[in-house]
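Novice: Once you've had a glance at the structure underneath, I'll fire off some questions.
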Amino acid sequence: MLNVIIFLPLLAMVAILGLRKNKGKAYQWLTLGTAIIQLVLTSVLCFQYDLGSSELQFVEQADWMKFSLGKFGVVSIKYFTALDGLSLSMLILSAIVMVVATLSSWNIEQKPKGYFMLFLLLNTAVMGCFVSFDLLLFYLFFEFMLLPMYFLIGLWGGPRREYASIKFFLYTLFGSLFILLAMIGLYTSVIDPAATAVELGLSENVSDVTPELVEEVQLRVANDLVSTEKLVHTFDLTLIADQDNYLKESIFGGENLIWGVEARIWGFLLLFIGFAIKLPVVPFHTWLPDAHVEAPTAISVVLAGVLLKVGGYGLIRIAYGAFPAEGAELSWWVSLLGMISILWGAYAALAQKDLKKLIAYSSVSHMGFVLLGIASFSAEGVSGAIYQMFSHGIISAMLFLVVGVLYERTHDRSIENYRGLAGKMPYYTVMTIIAFFASLGLPGFSGFISEIFVFLGAFSSEYVPNWMVMLSIGGIILGAAYYLWTLQRMFFGTFWLKFEDKWKDSLTDLTKREYIMLVPLAILALLFGLFPQRLLDLLNPFVQDFISMVGN
Amino acid sequence: MNHKDLSIAEKLFPAFLPESTLVLGVIAIIIVGLLTKKSWVLGALSVGIYVLAAYFFVSRNLTEALFGGQIMPLTYAPLLQSLFMLGGVLTCIWSLTLDQSENSGGRCSEFFALVMSVVLGACLLVETNNMLVIYLAVELMSLSSYALVFLGHKKKGPESGLKYLLYGAAVSAAMLYGMSLLYGANGMLDLPKSIKGSLPNGELFMLMGLMLFTGGILFKLAAAPFHFWAPDAYEGGAIPVISLLSVVPKISAAYLLLSLKNHLNAYHLENEMFDKYWLAFISVIAIASIVLGNLGAVVQTNIKRLLAYSGIAHVGFLLIPVLLPAAGGVMAFMIYALTYTIMSYGAFYAAGLSIQHAGSENILDYKGLGTKAPMIGVMMVIMMIALTGLPPTIGFTGKLFVLSALWDYDQGNTSMLTTLLVVALVSTVVSLFYYLKGPYYMFFKQHSSNINVNIGLTSRIVVVLITIPVLLLFLKMDWLVNIINHFTS
């Protein structure tokens with residue numbers, strides 16, 4: 001089933017390649033059909049998922065590549081996809097956002113074939129990212145997001161699209177090279193004990209290997225009783241997370257110092273910076289406002305709704321998964337960066353004149369909570385961080401759609417050019433108010449739940465100093481300030497437009513398609529605000545495992 | 001002729017059969033060229049000879065040295081020689097699809113014969129450690145290359161060819177002087193043995209000789225700071241020629257350096273001073289090549305010059321395995337050589353198509369080419385992504401193996417190597433900037449009118465045939481490894 005979800009878009013892409021003309025919006029319908037099937041399948045997975053278990057579920061595992069490199073040993077690369085609470089929640093989010101984004105790109109006129117093919121490619125990459133449990137497979141999907149995104153921003157974006165797209169590409173490539181370096185370090189350091197047992201002739205095949213045998217192999221390897229040619233190096237994330245699988249004489253297994261700092265600290269830093277660029281964390285965030293402002297609405301929705309979450313997901317799954325102790329050691333710095341992101345993003349948002357840029361900076365601010373939550377290493381904090389990723393995915397999608405509605409009508413997003421829109425577009429105003437309030441963390445909406453959990457976790461945690469948490473709360477107050485101020489400036493007061501005669505007729509209230517996009521998102525934001533239990537239950541086994549890694 | 005001589009000839013001829021095939025091939029092409037001017041006859045003949053020679057190279061099982069140690073049984077030589085044959089075949093077939101007056105100035109038989117000489121020189125270079133043979137092989141390659149560049153472009157060809165010749169001749173002289181110093185220090189023509197350095201006060205001789213010698217090889221490699229000829233030569237040469245020159249001589253020269261180092265280790269002739277200087281020297285060269293190649297490429301707008309600088313940067317990567325110990329280094333080298341060959345040909349082919357259809361070598365003239373002729377555009381994107389080293393292309397595979405070997409050996413303990421690692425990574429970001437230039441103009445800019453978008457059937461087939469391995473061998477990189485392992489066992 002997971003394979004279908006990942007590779008269905010590729011199939012649709014081939015279908016679009018085969019179609020000569022976009023008759024009756026065939027490209028749109030194909031893309032939408034794909035997204036809806038993905039959503040349905042994901043929902044089915046949700047119902048079949050066993051909440052009580054902390055094991056990986058729906059595992060699909062096969063050898064992808066396996067080769068011997070002489071003295072270095074054997075390298076094993078798997079096609080390994082599975083679900084746990086974290087993966088499943090992100091998968092649902094992606095499926096929802098993809099449907100909405102497809103609807104939002106309904107009116108693409110210019111080169112629709114290329115657009116929808118790239119869009120579907122992006123879809124595959126995103127879905128694949130969240131369910132891959134082999135680091136190389138993850139990296140493949142992770143990099144695969146860059147190229148479609150580059151073209152989607154660069155070809156269908158706003159006036160400064162070329163600058164924004166290349167900046168996006170260079171920044172994220174920089175990040176992914178850090179990840180590549182860490183990845184190389186990890187696979188040269190980590191072995192697969194079960195496969196090594198098979199290689200040593202202790203077992204017929206991998207599925208027969210008992211836990212006792214695994215321990216025996218680990219012991220033998222630790223005592224240098226296994227010749228290096230028989231060692232099976234692996235990219236498997238579940239094995240990377242087990243510190244017993246690290247070789248003694250290796251980059252991340254030994255006690256190497258690189259430029260005076262432990263290699264394992266470097267490993268964590270490499271992964272942290274790599275994913276922090278994606279998240280983004282101040283000071284690596286400057287690509288985000290540019291990319292958002294120039295991207296077409298649908299792409300902004302995907303970028304904010306899903307792509308940023310890949311950063312958070314990678315941090316939790318890979319950076320902390322491989323280097324939990326180092327992560328805990330550095331959590332003072334991580335939470336400092338989280339606090340700075342929250343405040344910096346909020347202050348910057350306060351100063352923006354462009355509505356879309358304001359929302360882009362608010363994303364930076366909200367992603368700071370993710371860092372703060374993870375750094376706390378408490379059940380509440382980590383749940384809150386993941387909940388924040390989910391909730392921000394829904395709410396930011398809605399926010400960018402709201403901006404898109406205005407931009408589609410007037411091609412202008414300056415806050416100062418509008419006044420009193422409430423009278424002219426009442427339903428639009430209602431949707432905007434819902435989106436703004438959900439985003440600023442009003443009780444009843446999902447943003448409130450995640451923020452409260454992050455703060456609870458951070459206050460109770462010994463890893464995060466209290467003064468940082470208190471300053472971070474300031475971010476919420478600033479959030480209220482910039483949202484309410486924007487509402488006041490744009491929507492309240494007497495109706496006035498900068499170019500009244502030109503815009504007056506085009507400023508109509510929401511269309512049916514826009515309702516179909518906005519209303520479900522609003523309902524979801526409310527639903528996850530009022531009934532958080534279901535999602536928290538889903539996350540709980542994962543969160544318990546996560547915090548037990550650092551030995552609390 | 002007495003009986004004993006005959007038996008030696010009988011023994012040597014089968015062993016030297018592949019090289020002999022190529023030598024006879026060169027002569028045959030020239031003779032056939034006197035009889036006919038039809039380019040496809042000569043092209044088909046060349047391809048046949050390459051295929052035959054490749055078969056002989058792979059099936060020959062060389063177990064002992066030939067000609068008193070002048071030809072050595074080196075493990076990976078047959079694989080590389082087959083690779084060079086592939087390069088020869090690709091160049092010949094490609095030339096056939098082009099206008100002969102542009103490509104070879106109408107001198108078909110000379111063209112094919114010279115290409116074969118380059119390939120022959122490369123084949124000899126990867127199977128010897130003898131300085132005399134090295135010099136002969138290098139000169140065979142170089143002289144043919146000068147002439148090939150000369151034949152190419154009408155206006156630029158002679159200028160580029162002459163520049164290339166002057167630089168090349170000076171460097172050859174220096175290299176020969178270096179060899180004479182090495183020989184003078186030890187009285188031996190075998191390179192690993194003469195490096196051992198047994199004379200009292202021979203170290204200075206050895207060091208100077210070695211530096212001059214390596215300088216000559218690095219010139220062939222177009223590694224910084226011996227790289228300045230490459231952009232000029234590339235600009236003047238016909239595209240099939242420069243795609244040959246950017247692969248075959250470079251890989252053979254780099255392999256010579258690699259086998260030189262491994263030979264010293266294998267014969268336990270380790271020389272501490274040599275190891276120390278070698279590491280420092282090659283690291284500096286690799287860093288300089290990567291940095292200067294990438295920075296040089298950033299400002300280029302001529303696609304041939306851009307690819308020339310990109311080739312300089314890639315040589316930096318190819319040199320990384322050369323400074324690592326044999327265990328990890330050789331595999332990484334072979335993987336990089338194989339992947340670089342394929343993607344370099346792919347990139348040049350994409351460039352060739354662009355030049356042909358936009359009528360210009362300037363990237364700024366490719367506006368809208370990608371939208372009008374998506375096949376060229378998509379191929380360009382894939383090849384540029386491959387050269388950058390991003391998945392899902394073999395460029396990533398090559399980079400993965402080289403950086404893995406480097407980091408696994410270094411583990412952050414040698415500051416020189418760690419610096420090299422960081423430089424290699426950072427430069428990738430820089431390189432993306434210029435590799436995207438082509439795709440950028442092709443897709444992001446509105447098209448100009450004088451673009452010819454009729455792509456011939458042959459070109460379409462070649463595009464597909466070259467693009468598939470670039471993607472497929474990433475998804476199944478174990479195939480590459482297995483091919484290489486096949487030659488070790």
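Ligands are numbered from 1 in the order shown, chains are lettered A, B, ... in the order of the structure tokens, and residues start at 1 in each chain.
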Check which residues of chain B sit at most 8 Å from chain A using only C-alpha atoms, and return one row each with the closest pair of atoms and their distance in Å to one decimal, ordered by chain and rising number, as a tab-separated table.
Specialist:
residue	atom	partner	partner_atom	distance
B:Ala327	CA	A:Lys71	CA	6.4
B:Gly328	CA	A:Phe72	CA	7.0
B:Met331	CA	A:Leu69	CA	7.5
B:Leu390	CA	A:Glu143	CA	7.3
B:Pro391	CA	A:Leu140	CA	6.0
B:Pro392	CA	A:Leu140	CA	6.7
B:Leu400	CA	A:Ile184	CA	7.5
B:Leu403	CA	A:Ile184	CA	7.7
B:Ser404	CA	A:Ile184	CA	5.7
B:Trp407	CA	A:Gly185	CA	7.2
B:Asp408	CA	A:Thr188	CA	6.7
B:Gln411	CA	A:Ile251	CA	5.2
B:Gly412	CA	A:Ile258	CA	4.9
B:Asn413	CA	A:Ile258	CA	6.4
B:Ser415	CA	A:Trp259	CA	7.8
B:Leu425	CA	A:Leu177	CA	6.5
B:Val426	CA	A:Phe174	CA	7.4
B:Val429	CA	A:Phe174	CA	6.0
B:Leu432	CA	A:Leu170	CA	7.3
B:Phe433	CA	A:Leu170	CA	7.4
B:Phe443	CA	A:Leu155	CA	7.7
B:Phe444	CA	A:Leu155	CA	6.0
B:Lys476	CA	A:Met65	CA	6.5
B:Met477	CA	A:Met65	CA	7.1
B:Asp478	CA	A:Phe67	CA	5.5
B:Val481	CA	A:Phe67	CA	6.7
B:Asn482	CA	A:Phe67	CA	7.2
Novice: Got time to write the residues from that selection, C-alpha atoms, as a compact mmCIF listing (two decimals), in the first residue's frame?
Specialist:
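Result written to out-v1.txt:
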# COMPACT_ATOMS: atom_id res chain seq x y z
CA ALA B 327 42.18 -0.77 -0.46
CA GLY B 328 39.58 1.94 -0.75
CA MET B 331 37.58 0.97 -6.23
CA LEU B 390 23.12 14.87 -7.33
CA PRO B 391 20.95 11.78 -7.21
CA PRO B 392 19.39 10.06 -9.13
CA LEU B 400 29.61 8.89 -2.96
CA LEU B 403 34.06 10.84 -0.58
CA SER B 404 33.39 7.59 1.29
CA TRP B 407 36.41 10.10 4.79
CA ASP B 408 36.76 6.49 5.86
CA GLN B 411 38.32 10.00 9.82
CA GLY B 412 39.16 13.60 10.47
CA ASN B 413 42.71 12.86 11.57
CA SER B 415 43.94 18.13 8.55
CA LEU B 425 31.74 19.61 -0.60
CA VAL B 426 31.62 23.38 -0.71
CA VAL B 429 27.44 24.14 -4.23
CA LEU B 432 25.61 23.88 -9.18
CA PHE B 433 25.50 27.58 -9.89
CA PHE B 443 13.86 26.95 -19.79
CA PHE B 444 13.60 30.27 -17.99
CA LYS B 476 21.78 -0.29 -9.66
CA MET B 477 25.22 0.87 -8.61
CA ASP B 478 25.98 -2.70 -7.58
CA VAL B 481 30.85 -2.60 -8.53
CA ASN B 482 30.35 -6.12 -9.83
Novice: Could you pull the residues within 9 Å of range 132-135 of chain B, counting only C-alpha atoms, minus those fewer than 2 positions along the same chain, as a PyMOL selection string?
Specialist: chain B and resi 70-71+124-126+128-130+137-140+172+175-176+179+189-190+256
Novice: Can you spit out the residues from that selection as an mmCIF file, in the first residue's frame, using N, CA and C atoms?
Specialist:
data_model
loop_
_atom_site.group_PDB
_atom_site.id
_atom_site.type_symbol
_atom_site.label_atom_id
_atom_site.label_comp_id
_atom_site.auth_asym_id
_atom_site.auth_seq_id
_atom_site.Cartn_x
_atom_site.Cartn_y
_atom_site.Cartn_z
ATOM 1 N N GLN B 70 58.520 -3.968 -19.659
ATOM 2 C CA GLN B 70 57.991 -2.709 -20.195
ATOM 3 C C GLN B 70 56.467 -2.679 -20.195
ATOM 4 N N ILE B 71 55.854 -3.834 -20.345
ATOM 5 C CA ILE B 71 54.398 -3.922 -20.248
ATOM 6 C C ILE B 71 54.087 -4.782 -19.032
ATOM 7 N N LEU B 124 48.421 2.068 -23.805
ATOM 8 C CA LEU B 124 49.783 1.748 -23.397
ATOM 9 C C LEU B 124 50.109 2.366 -22.042
ATOM 10 N N LEU B 125 49.587 3.554 -21.819
ATOM 11 C CA LEU B 125 49.940 4.279 -20.599
ATOM 12 C C LEU B 125 49.430 3.566 -19.345
ATOM 13 N N VAL B 126 48.301 2.879 -19.447
ATOM 14 C CA VAL B 126 47.772 2.239 -18.234
ATOM 15 C C VAL B 126 48.383 0.871 -17.978
ATOM 16 N N THR B 128 51.891 0.233 -18.064
ATOM 17 C CA THR B 128 53.346 0.272 -17.981
ATOM 18 C C THR B 128 53.814 1.079 -16.783
ATOM 19 N N ASN B 129 55.019 0.762 -16.339
ATOM 20 C CA ASN B 129 55.689 1.561 -15.323
ATOM 21 C C ASN B 129 57.053 1.998 -15.808
ATOM 22 N N ASN B 130 57.308 1.688 -17.081
ATOM 23 C CA ASN B 130 58.620 1.976 -17.629
ATOM 24 C C ASN B 130 58.630 3.392 -18.195
ATOM 25 N N ALA B 137 54.066 6.731 -24.865
ATOM 26 C CA ALA B 137 52.602 6.715 -24.834
ATOM 27 C C ALA B 137 52.058 8.131 -24.706
ATOM 28 N N VAL B 138 52.675 8.906 -23.792
ATOM 29 C CA VAL B 138 52.206 10.272 -23.588
ATOM 30 C C VAL B 138 52.361 11.085 -24.861
ATOM 31 N N GLU B 139 53.516 10.916 -25.542
ATOM 32 C CA GLU B 139 53.728 11.688 -26.765
ATOM 33 C C GLU B 139 52.783 11.253 -27.879
ATOM 34 N N LEU B 140 52.513 9.945 -27.930
ATOM 35 C CA LEU B 140 51.583 9.446 -28.948
ATOM 36 C C LEU B 140 50.216 10.100 -28.765
ATOM 37 N N SER B 172 56.457 18.579 -22.219
ATOM 38 C CA SER B 172 57.084 17.298 -22.542
ATOM 39 C C SER B 172 58.582 17.360 -22.300
ATOM 40 N N MET B 175 59.234 17.179 -18.697
ATOM 41 C CA MET B 175 58.988 15.835 -18.206
ATOM 42 C C MET B 175 60.144 14.913 -18.552
ATOM 43 N N LEU B 176 60.636 15.067 -19.768
ATOM 44 C CA LEU B 176 61.754 14.231 -20.204
ATOM 45 C C LEU B 176 62.979 14.522 -19.342
ATOM 46 N N MET B 179 62.577 12.766 -16.127
ATOM 47 C CA MET B 179 62.868 11.338 -16.274
ATOM 48 C C MET B 179 64.359 11.096 -16.304
ATOM 49 N N LEU B 189 65.085 2.356 -15.487
ATOM 50 C CA LEU B 189 63.973 2.965 -16.208
ATOM 51 C C LEU B 189 62.631 2.654 -15.557
ATOM 52 N N ASP B 190 62.635 1.640 -14.698
ATOM 53 C CA ASP B 190 61.385 1.297 -14.040
ATOM 54 C C ASP B 190 61.071 2.341 -12.963
ATOM 55 N N LEU B 256 47.876 6.113 -14.218
ATOM 56 C CA LEU B 256 49.324 5.934 -14.112
ATOM 57 C C LEU B 256 49.802 6.356 -12.726
#
Novice: If we count only C-alpha atoms and set the cut-off at 10 Å, which residues sit around range 493-498 of chain A, ignoring sequence neighbours fewer than 3 positions away in its own chain? Please answer as a ChimeraX atom specification.
Specialist: /A:414,416-424,488-490,501-504
Novice: Just to be explicit: take each residue in the selection above, keep N, CA, C and O atoms, and write the result as a CSV table (one decimal), in the first residue's frame.
Specialist:
chain,number,residue,atom,x,y,z
A,414,SER,N,0.4,44.1,-1.2
A,414,SER,CA,0.8,45.0,-0.2
A,414,SER,C,-0.4,45.3,0.8
A,414,SER,O,-1.5,45.5,0.4
A,416,GLU,N,-0.7,47.8,2.7
A,416,GLU,CA,-1.1,49.2,2.8
A,416,GLU,C,-2.1,49.5,1.6
A,416,GLU,O,-2.7,50.6,1.7
A,417,ASN,N,-2.2,48.7,0.6
A,417,ASN,CA,-3.0,49.0,-0.5
A,417,ASN,C,-4.5,48.7,-0.3
A,417,ASN,O,-5.3,48.9,-1.2
A,418,TYR,N,-4.8,48.1,0.8
A,418,TYR,CA,-6.2,47.7,1.0
A,418,TYR,C,-6.7,48.2,2.4
A,418,TYR,O,-5.9,48.3,3.3
A,419,ARG,N,-8.0,48.5,2.4
A,419,ARG,CA,-8.6,48.8,3.7
A,419,ARG,C,-10.1,48.4,3.7
A,419,ARG,O,-10.7,48.5,2.6
A,420,GLY,N,-10.5,48.0,4.8
A,420,GLY,CA,-12.0,47.7,4.9
A,420,GLY,C,-12.5,46.6,4.0
A,420,GLY,O,-13.6,46.7,3.4
A,421,LEU,N,-11.7,45.6,3.7
A,421,LEU,CA,-12.1,44.5,2.8
A,421,LEU,C,-13.3,43.7,3.4
A,421,LEU,O,-14.1,43.1,2.6
A,422,ALA,N,-13.5,43.8,4.7
A,422,ALA,CA,-14.6,43.1,5.3
A,422,ALA,C,-16.0,43.4,4.7
A,422,ALA,O,-16.8,42.5,4.5
A,423,GLY,N,-16.2,44.6,4.4
A,423,GLY,CA,-17.4,45.0,3.8
A,423,GLY,C,-17.6,44.5,2.4
A,423,GLY,O,-18.7,44.0,2.0
A,424,LYS,N,-16.6,44.5,1.7
A,424,LYS,CA,-16.6,44.0,0.3
A,424,LYS,C,-16.6,42.5,0.1
A,424,LYS,O,-17.3,41.9,-0.7
A,488,GLN,N,-6.7,44.6,11.3
A,488,GLN,CA,-7.2,46.0,11.4
A,488,GLN,C,-6.9,46.8,10.2
A,488,GLN,O,-7.7,47.6,9.7
A,489,ARG,N,-5.6,46.7,9.7
A,489,ARG,CA,-5.2,47.5,8.5
A,489,ARG,C,-6.0,47.1,7.3
A,489,ARG,O,-6.4,48.0,6.5
A,490,MET,N,-6.1,45.9,7.0
A,490,MET,CA,-6.6,45.4,5.7
A,490,MET,C,-8.1,45.2,5.7
A,490,MET,O,-8.8,45.5,4.7
A,501,ASP,N,-10.6,51.9,-9.2
A,501,ASP,CA,-11.4,51.6,-10.4
A,501,ASP,C,-10.9,50.3,-11.0
A,501,ASP,O,-11.7,49.6,-11.6
A,502,LYS,N,-9.6,50.1,-10.9
A,502,LYS,CA,-9.1,48.9,-11.6
A,502,LYS,C,-9.5,47.6,-10.8
A,502,LYS,O,-9.8,46.6,-11.4
A,503,TRP,N,-9.4,47.7,-9.5
A,503,TRP,CA,-9.6,46.5,-8.7
A,503,TRP,C,-11.0,46.2,-8.2
A,503,TRP,O,-11.4,45.1,-7.9
A,504,LYS,N,-11.8,47.2,-8.3
A,504,LYS,CA,-13.1,47.2,-7.6
A,504,LYS,C,-14.0,46.0,-8.1
A,504,LYS,O,-14.5,45.2,-7.4
Novice: Write out as a count of residues only the residues lying within 12 Å of range 29-44 of chain A, counting only C-alpha atoms and excluding same-chain residues fewer than 5 positions away.
Specialist: 59
Novice: Have a look at CA of Val470 in chain B and CA of Val378 in chain B and let me know their distance in Å, one decimal.
Specialist: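 These two atoms are separated by 12.9 Å.
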Novice: Looking only at helix (DSSP H, G or I) from DSSP on the backbone, list the matching residues of range 18-265 of chain B as a VMD selection string.
Specialist: chain B and resid 18 to 35 39 to 59 77 to 96 100 to 104 108 to 125 131 to 151 156 to 186 191 to 195 202 to 221 229 to 236 239 to 245 248 to 265
Novice: Quick one: residues within 12 Å of Thr214 in chain B, only C-alpha atoms counted, chain neighbours fewer than 3 positions away excluded, as a PyMOL selection string?
Specialist: chain B and resi 131+134-135+171-172+174-179+182+191+206-211+217-223+226+253-254+256-258+260+278+281-282+285
Novice: Report as number ranges by chain all protein, DNA and RNA residues lying within 7 Å of range 524-541 of chain A, evaluated on only C-alpha atoms, omitting residues in the same chain fewer than 4 positions from it.
Specialist: A: 51, 53-54, 85-86, 383, 391, 394-395, 438, 444-446, 448-449, 520, 545
Novice: Selected residues, N, CA, C and O atoms, written as a short mmCIF file (atom, residue, chain, number, x, y, z; two decimals), in the first residue's frame, please.
Specialist:
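As a result, part.cif now contains:
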data_model
loop_
_atom_site.label_atom_id
_atom_site.label_comp_id
_atom_site.auth_asym_id
_atom_site.auth_seq_id
_atom_site.Cartn_x
_atom_site.Cartn_y
_atom_site.Cartn_z
N LEU A 51 -2.64 1.36 17.17
CA LEU A 51 -2.15 2.45 18.00
C LEU A 51 -1.33 1.98 19.18
O LEU A 51 -0.45 2.69 19.67
N SER A 53 0.86 -0.32 19.47
CA SER A 53 2.18 -0.90 19.25
C SER A 53 3.22 0.17 18.93
O SER A 53 2.94 1.15 18.25
N SER A 54 4.41 -0.02 19.42
CA SER A 54 5.47 0.93 19.08
C SER A 54 6.36 0.37 17.98
O SER A 54 7.37 0.95 17.62
N GLY A 85 4.32 6.28 14.28
CA GLY A 85 3.43 7.40 14.54
C GLY A 85 3.86 8.67 13.82
O GLY A 85 3.06 9.36 13.19
N LEU A 86 5.16 8.95 13.88
CA LEU A 86 5.68 10.17 13.25
C LEU A 86 5.46 10.14 11.74
O LEU A 86 4.94 11.09 11.15
N SER A 383 5.98 15.65 21.76
CA SER A 383 4.65 15.55 21.16
C SER A 383 4.23 16.90 20.61
O SER A 383 3.70 17.00 19.51
N SER A 391 0.06 20.72 12.75
CA SER A 391 -0.89 21.82 12.80
C SER A 391 -0.45 22.98 11.90
O SER A 391 -1.25 23.55 11.17
N ILE A 394 -1.33 22.36 8.28
CA ILE A 394 -2.72 22.67 7.92
C ILE A 394 -2.94 24.18 7.86
O ILE A 394 -3.47 24.73 6.89
N ILE A 395 -2.49 24.87 8.93
CA ILE A 395 -2.82 26.29 9.05
C ILE A 395 -2.06 27.12 8.02
O ILE A 395 -2.62 28.03 7.40
N ALA A 438 -6.26 30.85 14.13
CA ALA A 438 -5.70 29.51 14.30
C ALA A 438 -4.18 29.60 14.41
O ALA A 438 -3.56 28.93 15.23
N GLY A 444 -8.81 26.29 21.12
CA GLY A 444 -9.83 25.75 20.24
C GLY A 444 -9.27 25.38 18.89
O GLY A 444 -9.85 24.56 18.19
N PHE A 445 -8.14 25.97 18.56
CA PHE A 445 -7.50 25.59 17.30
C PHE A 445 -6.25 24.75 17.57
O PHE A 445 -5.70 24.79 18.67
N SER A 446 -5.82 24.05 16.53
CA SER A 446 -4.73 23.08 16.73
C SER A 446 -3.43 23.76 17.15
O SER A 446 -2.64 23.18 17.89
N PHE A 448 -2.96 26.05 19.23
CA PHE A 448 -2.94 26.24 20.68
C PHE A 448 -2.42 24.99 21.38
O PHE A 448 -1.56 25.07 22.26
N ILE A 449 -2.96 23.84 20.95
CA ILE A 449 -2.55 22.58 21.56
C ILE A 449 -1.04 22.39 21.45
O ILE A 449 -0.35 22.11 22.45
N PRO A 520 -12.53 22.87 4.41
CA PRO A 520 -12.01 21.66 5.08
C PRO A 520 -10.79 21.94 5.95
O PRO A 520 -10.66 21.38 7.04
N ASP A 545 9.54 6.22 22.89
CA ASP A 545 10.80 5.65 22.40
C ASP A 545 11.85 6.74 22.26
O ASP A 545 13.01 6.56 22.61
#
Novice: Between CA of Leu148 in chain B and CA of Phe111 in chain B, what is the distance in Å, rounded to a tenth?
Specialist: 6.7 Å
Novice: Looking at only C-alpha atoms, which of A:Glu326, A:Asp84, A:Asp505, A:Asp354 is the one that sits closest to Arg409 in chain A?
Specialist: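 Of the candidates, the smallest distance to Arg409 in chain A is held by A:Asp505.
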Novice: List the spatial neighbours of Leu166 in chain B as a ChimeraX atom specification - criterion: any atom at most 12 Å away, only C-alpha atoms, same-chain residues fewer than 4 positions off excluded.
Specialist: /B:142-143,146,159-162,170-173,229,233
Novice: Using only N, CA and C atoms, please write the residues we just selected to a file, as a PDB file, in the first residue's frame.
Specialist:
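Output file out_10.pdb is given in full below:
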ATOM      1  N   SER B 142      49.615  12.903 -27.072  1.00  0.00           N
ATOM      2  CA  SER B 142      49.658  14.361 -27.180  1.00  0.00           C
ATOM      3  C   SER B 142      49.728  14.804 -28.632  1.00  0.00           C
ATOM      4  N   LEU B 143      50.666  14.215 -29.397  1.00  0.00           N
ATOM      5  CA  LEU B 143      50.833  14.670 -30.774  1.00  0.00           C
ATOM      6  C   LEU B 143      49.540  14.469 -31.554  1.00  0.00           C
ATOM      7  N   TYR B 146      47.091  17.225 -30.518  1.00  0.00           N
ATOM      8  CA  TYR B 146      47.346  18.542 -31.127  1.00  0.00           C
ATOM      9  C   TYR B 146      46.746  18.581 -32.525  1.00  0.00           C
ATOM     10  N   GLU B 159      44.559  28.226 -34.047  1.00  0.00           N
ATOM     11  CA  GLU B 159      45.059  28.984 -32.902  1.00  0.00           C
ATOM     12  C   GLU B 159      45.134  28.082 -31.666  1.00  0.00           C
ATOM     13  N   SER B 160      44.030  27.356 -31.418  1.00  0.00           N
ATOM     14  CA  SER B 160      44.000  26.487 -30.248  1.00  0.00           C
ATOM     15  C   SER B 160      45.034  25.396 -30.373  1.00  0.00           C
ATOM     16  N   GLY B 161      45.109  24.807 -31.577  1.00  0.00           N
ATOM     17  CA  GLY B 161      46.048  23.720 -31.780  1.00  0.00           C
ATOM     18  C   GLY B 161      47.469  24.164 -31.521  1.00  0.00           C
ATOM     19  N   LEU B 162      47.806  25.370 -31.991  1.00  0.00           N
ATOM     20  CA  LEU B 162      49.165  25.874 -31.827  1.00  0.00           C
ATOM     21  C   LEU B 162      49.475  26.146 -30.363  1.00  0.00           C
ATOM     22  N   ALA B 170      56.629  22.214 -24.443  1.00  0.00           N
ATOM     23  CA  ALA B 170      57.458  22.680 -23.334  1.00  0.00           C
ATOM     24  C   ALA B 170      57.348  21.729 -22.154  1.00  0.00           C
ATOM     25  N   VAL B 171      56.115  21.314 -21.862  1.00  0.00           N
ATOM     26  CA  VAL B 171      55.921  20.427 -20.722  1.00  0.00           C
ATOM     27  C   VAL B 171      56.565  19.073 -20.976  1.00  0.00           C
ATOM     28  N   SER B 172      56.457  18.579 -22.219  1.00  0.00           N
ATOM     29  CA  SER B 172      57.084  17.298 -22.542  1.00  0.00           C
ATOM     30  C   SER B 172      58.582  17.360 -22.300  1.00  0.00           C
ATOM     31  N   ALA B 173      59.178  18.480 -22.696  1.00  0.00           N
ATOM     32  CA  ALA B 173      60.615  18.632 -22.496  1.00  0.00           C
ATOM     33  C   ALA B 173      60.948  18.577 -21.014  1.00  0.00           C
ATOM     34  N   TRP B 229      45.781  25.371 -20.495  1.00  0.00           N
ATOM     35  CA  TRP B 229      45.628  25.073 -21.923  1.00  0.00           C
ATOM     36  C   TRP B 229      44.244  24.557 -22.256  1.00  0.00           C
ATOM     37  N   ALA B 233      42.125  24.916 -25.793  1.00  0.00           N
ATOM     38  CA  ALA B 233      42.122  23.765 -26.692  1.00  0.00           C
ATOM     39  C   ALA B 233      40.701  23.277 -26.934  1.00  0.00           C
TER      40      ALA B 233
END
Novice: Would you mind reading off the distance between CA of Pro18 in chain B and CA of Gly43 in chain B, one decimal, in Å?
Specialist: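 CA of Gly43 in chain B lies 19.2 Å from CA of Pro18 in chain B.
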Novice: Rank A:Arg413, A:His366, A:Lys25, A:Arg220 by their smallest atom-to-atom distance to Leu279 in chain A, using only C-alpha atoms, and report the top residue only.
Specialist: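 Nearest to Leu279 in chain A: A:His366.
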